[in-house]
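Text of the file work.cif, holding mmCIF, C-alpha atoms and all ligand atoms:
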```cif
data_query
#
loop_
_atom_site.group_PDB
_atom_site.id
_atom_site.type_symbol
_atom_site.label_atom_id
_atom_site.label_comp_id
_atom_site.auth_asym_id
_atom_site.auth_seq_id
_atom_site.Cartn_x
_atom_site.Cartn_y
_atom_site.Cartn_z
ATOM 1 C CA MET A 1 -10.152 -16.868 11.029
ATOM 2 C CA ALA A 2 -6.808 -17.603 9.333
ATOM 3 C CA PRO A 3 -3.778 -16.982 11.578
ATOM 4 C CA VAL A 4 -1.715 -13.884 10.817
ATOM 5 C CA ILE A 5 2.037 -14.530 10.726
ATOM 6 C CA SER A 6 4.549 -11.718 10.406
ATOM 7 C CA ASP A 7 7.825 -13.622 10.773
ATOM 8 C CA PRO A 8 9.229 -15.492 7.736
ATOM 9 C CA ASP A 9 10.791 -18.329 9.781
ATOM 10 C CA GLU A 10 7.548 -18.843 11.647
ATOM 11 C CA LEU A 11 5.735 -18.924 8.304
ATOM 12 C CA ARG A 12 8.110 -21.580 6.912
ATOM 13 C CA GLU A 13 7.589 -23.675 10.023
ATOM 14 C CA ALA A 14 3.793 -23.367 9.763
ATOM 15 C CA LEU A 15 3.786 -24.351 6.074
ATOM 16 C CA GLY A 16 6.178 -27.304 6.310
ATOM 17 C CA ALA A 17 5.914 -29.391 3.146
ATOM 18 C CA ALA A 18 2.371 -28.240 2.284
ATOM 19 C CA GLN A 19 1.522 -27.666 -1.398
ATOM 20 C CA VAL A 20 0.835 -23.967 -1.224
ATOM 21 C CA GLY A 21 -1.207 -21.689 -3.469
ATOM 22 C CA PHE A 22 -0.015 -18.121 -2.939
ATOM 23 C CA VAL A 23 -1.783 -14.807 -3.533
ATOM 24 C CA PRO A 24 0.434 -11.756 -2.995
ATOM 25 C CA THR A 25 -1.525 -8.544 -2.307
ATOM 26 C CA MET A 26 -1.115 -5.083 -0.842
ATOM 27 C CA GLY A 27 -4.330 -5.434 1.166
ATOM 28 C CA ALA A 28 -7.478 -3.284 0.818
ATOM 29 C CA LEU A 29 -8.960 -6.513 -0.445
ATOM 30 C CA HIS A 30 -11.862 -6.367 -2.911
ATOM 31 C CA ALA A 31 -13.705 -8.829 -5.140
ATOM 32 C CA GLY A 32 -10.740 -8.955 -7.561
ATOM 33 C CA HIS A 33 -8.471 -10.257 -4.803
ATOM 34 C CA VAL A 34 -11.239 -12.550 -3.553
ATOM 35 C CA ALA A 35 -11.452 -14.230 -6.974
ATOM 36 C CA LEU A 36 -7.705 -14.973 -6.832
ATOM 37 C CA ILE A 37 -7.905 -16.322 -3.277
ATOM 38 C CA GLU A 38 -10.949 -18.484 -4.060
ATOM 39 C CA ARG A 39 -9.201 -19.958 -7.073
ATOM 40 C CA ALA A 40 -6.026 -20.643 -5.085
ATOM 41 C CA ALA A 41 -8.141 -22.323 -2.395
ATOM 42 C CA ARG A 42 -9.825 -24.534 -5.008
ATOM 43 C CA GLU A 43 -6.570 -25.596 -6.624
ATOM 44 C CA ASN A 44 -4.245 -26.076 -3.647
ATOM 45 C CA ALA A 45 -4.173 -27.859 -0.296
ATOM 46 C CA CYS A 46 -3.088 -24.710 1.532
ATOM 47 C CA THR A 47 -3.652 -21.068 0.569
ATOM 48 C CA VAL A 48 -1.373 -18.275 1.741
ATOM 49 C CA VAL A 49 -2.313 -14.615 1.207
ATOM 50 C CA SER A 50 0.337 -11.995 1.807
ATOM 51 C CA ILE A 51 -0.640 -8.488 2.786
ATOM 52 C CA PHE A 52 2.230 -6.079 2.403
ATOM 53 C CA VAL A 53 2.164 -2.510 1.122
ATOM 54 C CA ASN A 54 5.529 -2.625 -0.603
ATOM 55 C CA PRO A 55 7.295 0.744 -0.239
ATOM 56 C CA THR A 56 9.866 0.072 -2.989
ATOM 57 C CA GLN A 57 7.254 -0.092 -5.751
ATOM 58 C CA PHE A 58 5.775 3.351 -5.067
ATOM 59 C CA ASN A 59 7.481 6.009 -7.130
ATOM 60 C CA ASP A 60 5.149 8.623 -5.619
ATOM 61 C CA PRO A 61 5.511 8.957 -1.798
ATOM 62 C CA SER A 62 2.045 10.515 -1.433
ATOM 63 C CA ASP A 63 0.525 7.506 -3.235
ATOM 64 C CA LEU A 64 2.223 5.251 -0.644
ATOM 65 C CA ALA A 65 1.045 7.435 2.239
ATOM 66 C CA ARG A 66 -2.545 7.404 0.956
ATOM 67 C CA TYR A 67 -2.640 3.668 0.273
ATOM 68 C CA PRO A 68 -5.549 2.199 2.302
ATOM 69 C CA ARG A 69 -4.564 -0.095 5.197
ATOM 70 C CA ASN A 70 -6.985 -2.169 7.248
ATOM 71 C CA LEU A 71 -5.483 -5.479 8.336
ATOM 72 C CA ASP A 72 -8.474 -6.652 10.434
ATOM 73 C CA HIS A 73 -10.856 -6.218 7.522
ATOM 74 C CA ASP A 74 -8.437 -7.883 5.109
ATOM 75 C CA VAL A 75 -7.922 -10.893 7.392
ATOM 76 C CA GLU A 76 -11.684 -11.368 7.549
ATOM 77 C CA VAL A 77 -12.137 -11.068 3.760
ATOM 78 C CA ALA A 78 -9.196 -13.366 2.978
ATOM 79 C CA SER A 79 -10.339 -15.958 5.539
ATOM 80 C CA ASP A 80 -13.887 -15.974 4.125
ATOM 81 C CA ALA A 81 -12.444 -16.463 0.620
ATOM 82 C CA GLY A 82 -10.520 -19.560 1.761
ATOM 83 C CA ALA A 83 -7.104 -18.333 2.972
ATOM 84 C CA ASP A 84 -5.468 -20.705 5.469
ATOM 85 C CA VAL A 85 -2.626 -18.409 6.485
ATOM 86 C CA ILE A 86 -2.101 -14.637 6.203
ATOM 87 C CA TYR A 87 1.491 -13.481 5.883
ATOM 88 C CA ALA A 88 1.705 -9.835 6.939
ATOM 89 C CA PRO A 89 5.338 -8.867 7.519
ATOM 90 C CA ASP A 90 6.407 -5.341 8.362
ATOM 91 C CA ALA A 91 8.719 -3.327 6.113
ATOM 92 C CA GLU A 92 11.808 -3.953 8.300
ATOM 93 C CA THR A 93 11.268 -7.701 8.034
ATOM 94 C CA VAL A 94 11.087 -7.643 4.239
ATOM 95 C CA TYR A 95 13.844 -5.040 3.915
ATOM 96 C CA PRO A 96 16.197 -5.468 6.885
ATOM 97 C CA PRO A 97 18.805 -2.771 7.596
ATOM 98 C CA GLY A 98 21.496 -2.868 4.917
ATOM 99 C CA PHE A 99 19.183 -4.396 2.324
ATOM 100 C CA SER A 100 20.858 -3.746 -1.027
ATOM 101 C CA THR A 101 19.794 -6.382 -3.565
ATOM 102 C CA PHE A 102 17.245 -5.559 -6.270
ATOM 103 C CA VAL A 103 15.772 -7.464 -9.194
ATOM 104 C CA GLU A 104 15.587 -5.701 -12.577
ATOM 105 C CA VAL A 105 13.685 -7.198 -15.486
ATOM 106 C CA GLY A 106 15.092 -5.683 -18.684
ATOM 107 C CA GLY A 107 13.259 -4.597 -21.833
ATOM 108 C CA LEU A 108 9.687 -5.286 -20.839
ATOM 109 C CA THR A 109 9.887 -2.722 -18.036
ATOM 110 C CA ASP A 110 11.118 0.136 -20.248
ATOM 111 C CA ARG A 111 7.710 1.084 -21.575
ATOM 112 C CA TRP A 112 4.154 1.933 -20.390
ATOM 113 C CA GLU A 113 3.916 1.520 -16.602
ATOM 114 C CA GLY A 114 7.695 1.249 -16.391
ATOM 115 C CA GLU A 115 8.126 4.563 -18.152
ATOM 116 C CA ALA A 116 5.304 6.303 -16.274
ATOM 117 C CA ARG A 117 6.443 5.005 -12.872
ATOM 118 C CA PRO A 118 10.265 4.858 -12.720
ATOM 119 C CA GLY A 119 11.460 2.151 -10.322
ATOM 120 C CA HIS A 120 7.992 0.633 -9.957
ATOM 121 C CA PHE A 121 8.756 -2.733 -11.566
ATOM 122 C CA ARG A 122 12.119 -2.969 -9.831
ATOM 123 C CA GLY A 123 10.207 -2.769 -6.547
ATOM 124 C CA VAL A 124 7.593 -5.265 -7.728
ATOM 125 C CA ALA A 125 10.171 -7.763 -9.045
ATOM 126 C CA THR A 126 12.225 -7.479 -5.863
ATOM 127 C CA VAL A 127 9.332 -7.986 -3.443
ATOM 128 C CA VAL A 128 7.784 -10.823 -5.475
ATOM 129 C CA THR A 129 11.183 -12.576 -5.529
ATOM 130 C CA ILE A 130 11.467 -12.230 -1.747
ATOM 131 C CA LEU A 131 7.886 -13.425 -1.239
ATOM 132 C CA LEU A 132 8.213 -16.414 -3.602
ATOM 133 C CA ASN A 133 11.424 -17.445 -1.845
ATOM 134 C CA THR A 134 9.762 -17.079 1.560
ATOM 135 C CA VAL A 135 6.480 -18.844 0.780
ATOM 136 C CA ARG A 136 7.889 -21.314 -1.816
ATOM 137 C CA PRO A 137 4.467 -21.937 -3.352
ATOM 138 C CA ARG A 138 3.448 -24.604 -5.830
ATOM 139 C CA ARG A 139 1.389 -21.934 -7.637
ATOM 140 C CA ALA A 140 1.218 -18.142 -7.365
ATOM 141 C CA TYR A 141 -1.823 -16.200 -8.588
ATOM 142 C CA PHE A 142 -1.702 -12.814 -10.326
ATOM 143 C CA GLY A 143 -4.444 -10.689 -11.930
ATOM 144 C CA GLU A 144 -4.576 -9.793 -15.621
ATOM 145 C CA LYS A 145 -5.781 -6.382 -14.431
ATOM 146 C CA ASP A 146 -2.086 -5.538 -14.009
ATOM 147 C CA TYR A 147 -1.126 -7.141 -17.285
ATOM 148 C CA GLN A 148 2.382 -5.725 -17.607
ATOM 149 C CA GLN A 149 3.107 -6.741 -14.004
ATOM 150 C CA LEU A 150 1.949 -10.270 -14.820
ATOM 151 C CA LEU A 151 4.399 -10.413 -17.751
ATOM 152 C CA VAL A 152 7.228 -9.007 -15.636
ATOM 153 C CA VAL A 153 6.613 -11.596 -12.910
ATOM 154 C CA ARG A 154 6.402 -14.455 -15.427
ATOM 155 C CA ARG A 155 9.664 -13.405 -17.078
ATOM 156 C CA MET A 156 11.480 -12.970 -13.792
ATOM 157 C CA GLN A 157 10.230 -16.299 -12.446
ATOM 158 C CA ARG A 158 11.385 -18.077 -15.597
ATOM 159 C CA ASP A 159 14.750 -16.318 -15.842
ATOM 160 C CA LEU A 160 15.666 -16.770 -12.170
ATOM 161 C CA ARG A 161 14.031 -20.202 -11.836
ATOM 162 C CA LEU A 162 12.015 -19.024 -8.864
ATOM 163 C CA PRO A 163 9.651 -21.474 -7.212
ATOM 164 C CA GLY A 164 6.006 -21.708 -8.270
ATOM 165 C CA GLU A 165 3.967 -21.717 -11.425
ATOM 166 C CA ILE A 166 2.558 -18.264 -12.213
ATOM 167 C CA VAL A 167 -1.209 -18.475 -12.762
ATOM 168 C CA ALA A 168 -3.000 -15.598 -14.546
ATOM 169 C CA CYS A 169 -6.545 -14.738 -13.412
ATOM 170 C CA PRO A 170 -9.088 -12.705 -15.413
ATOM 171 C CA THR A 171 -9.907 -9.121 -14.436
ATOM 172 C CA VAL A 172 -12.907 -8.752 -12.124
ATOM 173 C CA ARG A 173 -15.099 -5.768 -13.030
ATOM 174 C CA GLU A 174 -17.923 -3.743 -11.508
ATOM 175 C CA PRO A 175 -21.315 -4.268 -13.218
ATOM 176 C CA ASP A 176 -20.657 -1.169 -15.385
ATOM 177 C CA GLY A 177 -17.278 -2.549 -16.513
ATOM 178 C CA LEU A 178 -14.829 -0.605 -14.320
ATOM 179 C CA ALA A 179 -12.033 -2.934 -13.207
ATOM 180 C CA LEU A 180 -11.969 -3.293 -9.421
ATOM 181 C CA SER A 181 -9.051 -1.457 -7.843
ATOM 182 C CA SER A 182 -8.309 -0.166 -4.376
ATOM 183 C CA ARG A 183 -7.747 3.220 -6.035
ATOM 184 C CA ASN A 184 -11.408 3.409 -7.162
ATOM 185 C CA ALA A 185 -12.354 4.335 -3.582
ATOM 186 C CA ARG A 186 -10.515 7.645 -4.054
ATOM 187 C CA LEU A 187 -12.722 8.731 -6.953
ATOM 188 C CA THR A 188 -15.412 11.350 -6.244
ATOM 189 C CA PRO A 189 -18.941 10.243 -7.257
ATOM 190 C CA GLU A 190 -18.586 12.335 -10.462
ATOM 191 C CA GLN A 191 -15.163 10.875 -11.263
ATOM 192 C CA ARG A 192 -16.516 7.387 -10.607
ATOM 193 C CA GLN A 193 -19.183 8.012 -13.252
ATOM 194 C CA THR A 194 -16.617 9.345 -15.691
ATOM 195 C CA ALA A 195 -14.244 6.424 -15.037
ATOM 196 C CA VAL A 196 -16.564 4.045 -16.865
ATOM 197 C CA ALA A 197 -15.343 5.638 -20.109
ATOM 198 C CA LEU A 198 -12.105 3.661 -19.661
ATOM 199 C CA PRO A 199 -13.570 0.131 -19.901
ATOM 200 C CA ARG A 200 -16.180 1.341 -22.378
ATOM 201 C CA SER A 201 -13.546 2.560 -24.803
ATOM 202 C CA LEU A 202 -11.606 -0.724 -24.495
ATOM 203 C CA PHE A 203 -14.757 -2.800 -25.021
ATOM 204 C CA ALA A 204 -15.727 -0.636 -28.007
ATOM 205 C CA MET A 205 -12.308 -1.287 -29.547
ATOM 206 C CA ALA A 206 -12.642 -5.041 -28.933
ATOM 207 C CA ALA A 207 -16.125 -5.041 -30.470
ATOM 208 C CA ALA A 208 -14.820 -3.246 -33.573
ATOM 209 C CA ALA A 209 -11.899 -5.703 -33.823
ATOM 210 C CA LYS A 210 -14.292 -8.632 -33.631
ATOM 211 C CA GLU A 211 -16.405 -7.051 -36.366
ATOM 212 C CA GLY A 212 -13.367 -7.082 -38.613
ATOM 213 C CA GLU A 213 -11.436 -3.820 -38.028
ATOM 214 C CA ARG A 214 -7.810 -4.928 -37.881
ATOM 215 C CA ARG A 215 -5.963 -1.606 -38.206
ATOM 216 C CA ALA A 216 -4.655 -0.468 -34.842
ATOM 217 C CA ALA A 217 -4.744 3.205 -35.892
ATOM 218 C CA ASN A 218 -8.491 3.029 -36.540
ATOM 219 C CA LEU A 219 -9.166 1.196 -33.288
ATOM 220 C CA LEU A 220 -7.059 3.711 -31.375
ATOM 221 C CA ALA A 221 -8.956 6.619 -32.955
ATOM 222 C CA LEU A 222 -12.212 5.035 -31.810
ATOM 223 C CA GLY A 223 -10.994 4.417 -28.250
ATOM 224 C CA ARG A 224 -9.340 7.805 -27.976
ATOM 225 C CA GLN A 225 -12.495 9.600 -29.099
ATOM 226 C CA GLN A 226 -14.535 7.921 -26.354
ATOM 227 C CA LEU A 227 -11.965 8.817 -23.719
ATOM 228 C CA GLU A 228 -11.680 12.400 -24.907
ATOM 229 C CA GLU A 229 -15.435 12.847 -24.522
ATOM 230 C CA ALA A 230 -15.180 11.988 -20.808
ATOM 231 C CA PRO A 231 -14.961 15.257 -18.803
ATOM 232 C CA GLY A 232 -11.811 15.617 -16.695
ATOM 233 C CA LEU A 233 -10.284 12.367 -17.915
ATOM 234 C CA GLU A 234 -6.692 12.625 -19.090
ATOM 235 C CA ILE A 235 -5.148 9.902 -21.232
ATOM 236 C CA GLU A 236 -1.630 8.839 -20.194
ATOM 237 C CA TYR A 237 -1.366 6.138 -22.802
ATOM 238 C CA LEU A 238 -3.642 4.060 -24.987
ATOM 239 C CA ALA A 239 -1.874 1.464 -27.121
ATOM 240 C CA VAL A 240 -2.535 -1.617 -29.204
ATOM 241 C CA VAL A 241 0.234 -4.108 -28.450
ATOM 242 C CA GLU A 242 1.339 -7.699 -28.899
ATOM 243 C CA PRO A 243 0.826 -9.725 -25.706
ATOM 244 C CA ASP A 244 4.409 -10.768 -24.846
ATOM 245 C CA GLU A 245 6.664 -7.700 -25.031
ATOM 246 C CA LEU A 246 3.847 -5.134 -25.213
ATOM 247 C CA ALA A 247 5.363 -3.613 -28.363
ATOM 248 C CA PRO A 248 2.897 -1.540 -30.404
ATOM 249 C CA VAL A 249 1.503 -3.239 -33.513
ATOM 250 C CA GLU A 250 -0.201 -1.873 -36.616
ATOM 251 C CA GLU A 251 -2.404 -4.882 -37.307
ATOM 252 C CA VAL A 252 -4.535 -6.749 -34.802
ATOM 253 C CA THR A 253 -4.048 -10.527 -34.704
ATOM 254 C CA PRO A 254 -5.357 -13.114 -32.194
ATOM 255 C CA GLY A 255 -3.991 -12.271 -28.743
ATOM 256 C CA THR A 256 -3.337 -8.566 -29.480
ATOM 257 C CA ARG A 257 -4.264 -6.392 -26.492
ATOM 258 C CA VAL A 258 -5.199 -2.813 -25.823
ATOM 259 C CA ILE A 259 -3.581 -1.311 -22.718
ATOM 260 C CA ALA A 260 -4.409 2.043 -21.156
ATOM 261 C CA ALA A 261 -3.644 4.382 -18.288
ATOM 262 C CA VAL A 262 -5.741 7.454 -17.518
ATOM 263 C CA ARG A 263 -5.906 10.086 -14.826
ATOM 264 C CA LEU A 264 -8.969 11.489 -13.097
ATOM 265 C CA GLY A 265 -7.768 14.280 -10.828
ATOM 266 C CA ASP A 266 -4.961 12.693 -8.809
ATOM 267 C CA VAL A 267 -6.238 9.139 -9.267
ATOM 268 C CA ARG A 268 -4.485 7.031 -11.866
ATOM 269 C CA LEU A 269 -6.358 4.070 -13.355
ATOM 270 C CA ILE A 270 -5.063 1.317 -15.623
ATOM 271 C CA ASP A 271 -6.899 -1.317 -17.637
ATOM 272 C CA ASN A 272 -6.327 -3.679 -20.545
ATOM 273 C CA LEU A 273 -8.276 -6.069 -22.737
ATOM 274 C CA GLU A 274 -7.615 -8.743 -25.320
ATOM 275 C CA LEU A 275 -8.928 -7.402 -28.648
ATOM 276 C CA LEU A 276 -9.248 -10.777 -30.375
ATOM 277 C CA PRO A 277 -9.238 -14.148 -28.617
ATOM 278 C CA ALA A 278 -5.743 -15.638 -28.708
ATOM 279 C CA ASP A 279 -7.005 -18.833 -30.310
ATOM 280 C CA ALA A 280 -9.307 -17.156 -32.867
ATOM 281 C CA ARG A 281 -8.786 -17.861 -36.555
ATOM 282 C CA SER A 282 -8.928 -14.740 -38.711
ATOM 283 C CA THR A 283 -12.440 -14.426 -40.124
ATOM 284 C CA ALA A 284 -12.283 -10.923 -41.575
HETATM 285 P P1 LIG B 301 -2.634 -5.403 -5.400
HETATM 286 O O1 LIG B 301 -3.135 -5.639 -4.017
HETATM 287 O O2 LIG B 301 -3.262 -4.239 -6.088
HETATM 288 O O3 LIG B 301 -1.125 -5.428 -5.481
HETATM 289 O O4 LIG B 301 -3.124 -6.666 -6.243
HETATM 290 C C1 LIG B 301 -2.843 -7.976 -5.827
HETATM 291 C C2 LIG B 301 -3.207 -8.913 -6.942
HETATM 292 O O5 LIG B 301 -4.590 -8.807 -7.239
HETATM 293 C C3 LIG B 301 -2.442 -8.608 -8.250
HETATM 294 O O6 LIG B 301 -2.059 -9.830 -8.861
HETATM 295 C C4 LIG B 301 -3.491 -7.888 -9.060
HETATM 296 O O7 LIG B 301 -3.297 -8.008 -10.451
HETATM 297 C C5 LIG B 301 -4.757 -8.595 -8.620
HETATM 298 N N1 LIG B 301 -5.934 -7.760 -8.896
HETATM 299 C C6 LIG B 301 -6.134 -6.472 -8.511
HETATM 300 N N2 LIG B 301 -7.313 -6.021 -8.984
HETATM 301 C C7 LIG B 301 -7.864 -7.040 -9.700
HETATM 302 C C8 LIG B 301 -9.065 -7.200 -10.458
HETATM 303 N N3 LIG B 301 -9.948 -6.210 -10.579
HETATM 304 N N4 LIG B 301 -9.284 -8.390 -11.062
HETATM 305 C C9 LIG B 301 -8.377 -9.407 -10.950
HETATM 306 N N5 LIG B 301 -7.234 -9.314 -10.242
HETATM 307 C C10 LIG B 301 -6.975 -8.159 -9.633
#
```
Once more with this new file: its structure as structure tokens, please.
Amino acid sequence: MAPVISDPDELREALGAAQVGFVPTMGALHAGHVALIERAARENACTVVSIFVNPTQFNDPSDLARYPRNLDHDVEVASDAGADVIYAPDAETVYPPGFSTFVEVGGLTDRWEGEARPGHFRGVATVVTILLNTVRPRRAYFGEKDYQQLLVVRRMQRDLRLPGEIVACPTVREPDGLALSSRNARLTPEQRQTAVALPRSLFAMAAAAKEGERRAANLLALGRQQLEEAPGLEIEYLAVVEPDELAPVEEVTPGTRVIAAVRLGDVRLIDNLELLPADARSTA
């Protein structure tokens, strides 16, 4: 079992000059996290997984309170996936008394998740900065599942010259297409069935794009219709965007993505998909 370290100085001492692959998580580890950890373990001499439910990125206190926590289970899962060290600091270690420095990534954070969850990306950017500076990895692994977060982290790492190359990993899905998320556990069996409408609508849009439909408005109408047919599912946003700033586009070109957030009861789910492969030549 990988050792669990909660003190940053102790962690630095344990890592020494090792070439580290780093996977930051909030725990409640599932197959999506496992894929990141396994990849980090393949590509690096030493793999560090952090488990920290970051209070500053929760704009909704009840979401924070309900967030699943099970360190023993997570240590077992991360160790089996190839983690060498688990870094599990407590909130006072990450944010000592008097903590007053925050990282804001401009522009990119104004829309979509940034708009729906005020302060969320400020919390994410701040904790990832602290973690990258603590772990000082050679590579850090992030999931495309949280696509806007991935862009925010990339931008921040570049702008602030933070250590580590940011590596993007594909979204891991359930057999029916639902992206794995710790929030899926909060869905009732009926909501879980309905939730499949989210990936289905994105995949239907991608299929139509590949068949030659390039107008975003038509693709959005198709996706929206599928989501609206799902009982009890509320659309927060569904947008066809370019992959760097996430600005809406009218025409789909290689690399264009669809991004979405929906609500089922009090559970909020997000997903995204590339509509046309980034390296595809236009065939339509
Ligand atoms: P979290 O614990 O939710 O903060 O996620 C930790 C990391 O795992 C983030 O980089 C996420 O994007 C990534 N992740 C979460 N779910 C998935 C998934 N289904 N597939 C791939 N990566 C994921």
Quick one: residues within 6 Å of ligand LIG 301 (chain B), with all atoms listed in the file, as a PyMOL selection string?
chain A and resi 24-27+32-33+142-146+170-173+179-181
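Among the candidates A:Val124, A:Ala116, A:Ala247, A:Ala208, the residue lying nearest to Val262 (chain A) is A:Ala116 (atoms considered: all atoms listed in the file).
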Could you give me, as a list in words, the residues within 9 Å of Ser50 (chain A), counting only C-alpha atoms and dropping anything in the same chain fewer than 2 positions from it?
Phe22, Val23, Pro24, Thr25, Met26, Gly27, Val48, Phe52, Val85, Ile86, Tyr87, Ala88, Pro89 and Leu131 of chain A
Name the residues captured by the PyMOL selection byres (((chain A and resi 137) around 12) and not hetatm) when it is applied to the shown file; answer as a PyMOL selection string.
chain A and resi 12+15-24+40+44-50+128-129+131-136+138-141+162-167
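For region 266-268 of chain A, the non-local neighbours within 12 Å, defined as residues at least 5 positions apart in the same chain or in other chains and counting all atoms listed in the file, are Asp60, Ser62, Asp63, Arg66, Tyr67, Glu113, Ala116, Arg117, Ser181, Ser182, Arg183, Asn184, Ala185, Arg186, Leu187, Thr188, Gln191, Arg192, Ala195, Leu198, Gly232, Leu233, Glu234, Ile235, Glu236, Tyr237, Ala260 and Ala261 of chain A.
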Could you turn the residues from that selection into a file that holds C-alpha atoms, as a CSV table (one decimal), keeping the file's coordinate frame?
```
chain,number,residue,atom,x,y,z
A,60,ASP,CA,5.1,8.6,-5.6
A,62,SER,CA,2.0,10.5,-1.4
A,63,ASP,CA,0.5,7.5,-3.2
A,66,ARG,CA,-2.5,7.4,1.0
A,67,TYR,CA,-2.6,3.7,0.3
A,113,GLU,CA,3.9,1.5,-16.6
A,116,ALA,CA,5.3,6.3,-16.3
A,117,ARG,CA,6.4,5.0,-12.9
A,181,SER,CA,-9.1,-1.5,-7.8
A,182,SER,CA,-8.3,-0.2,-4.4
A,183,ARG,CA,-7.7,3.2,-6.0
A,184,ASN,CA,-11.4,3.4,-7.2
A,185,ALA,CA,-12.4,4.3,-3.6
A,186,ARG,CA,-10.5,7.6,-4.1
A,187,LEU,CA,-12.7,8.7,-7.0
A,188,THR,CA,-15.4,11.4,-6.2
A,191,GLN,CA,-15.2,10.9,-11.3
A,192,ARG,CA,-16.5,7.4,-10.6
A,195,ALA,CA,-14.2,6.4,-15.0
A,198,LEU,CA,-12.1,3.7,-19.7
A,232,GLY,CA,-11.8,15.6,-16.7
A,233,LEU,CA,-10.3,12.4,-17.9
A,234,GLU,CA,-6.7,12.6,-19.1
A,235,ILE,CA,-5.1,9.9,-21.2
A,236,GLU,CA,-1.6,8.8,-20.2
A,237,TYR,CA,-1.4,6.1,-22.8
A,260,ALA,CA,-4.4,2.0,-21.2
A,261,ALA,CA,-3.6,4.4,-18.3
```
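Take the candidates A:Ile130, A:Leu29, A:Ala91, A:Ala83 and check each one against Arg42 (chain A) using only C-alpha atoms; the shortest distance goes to A:Ala83.
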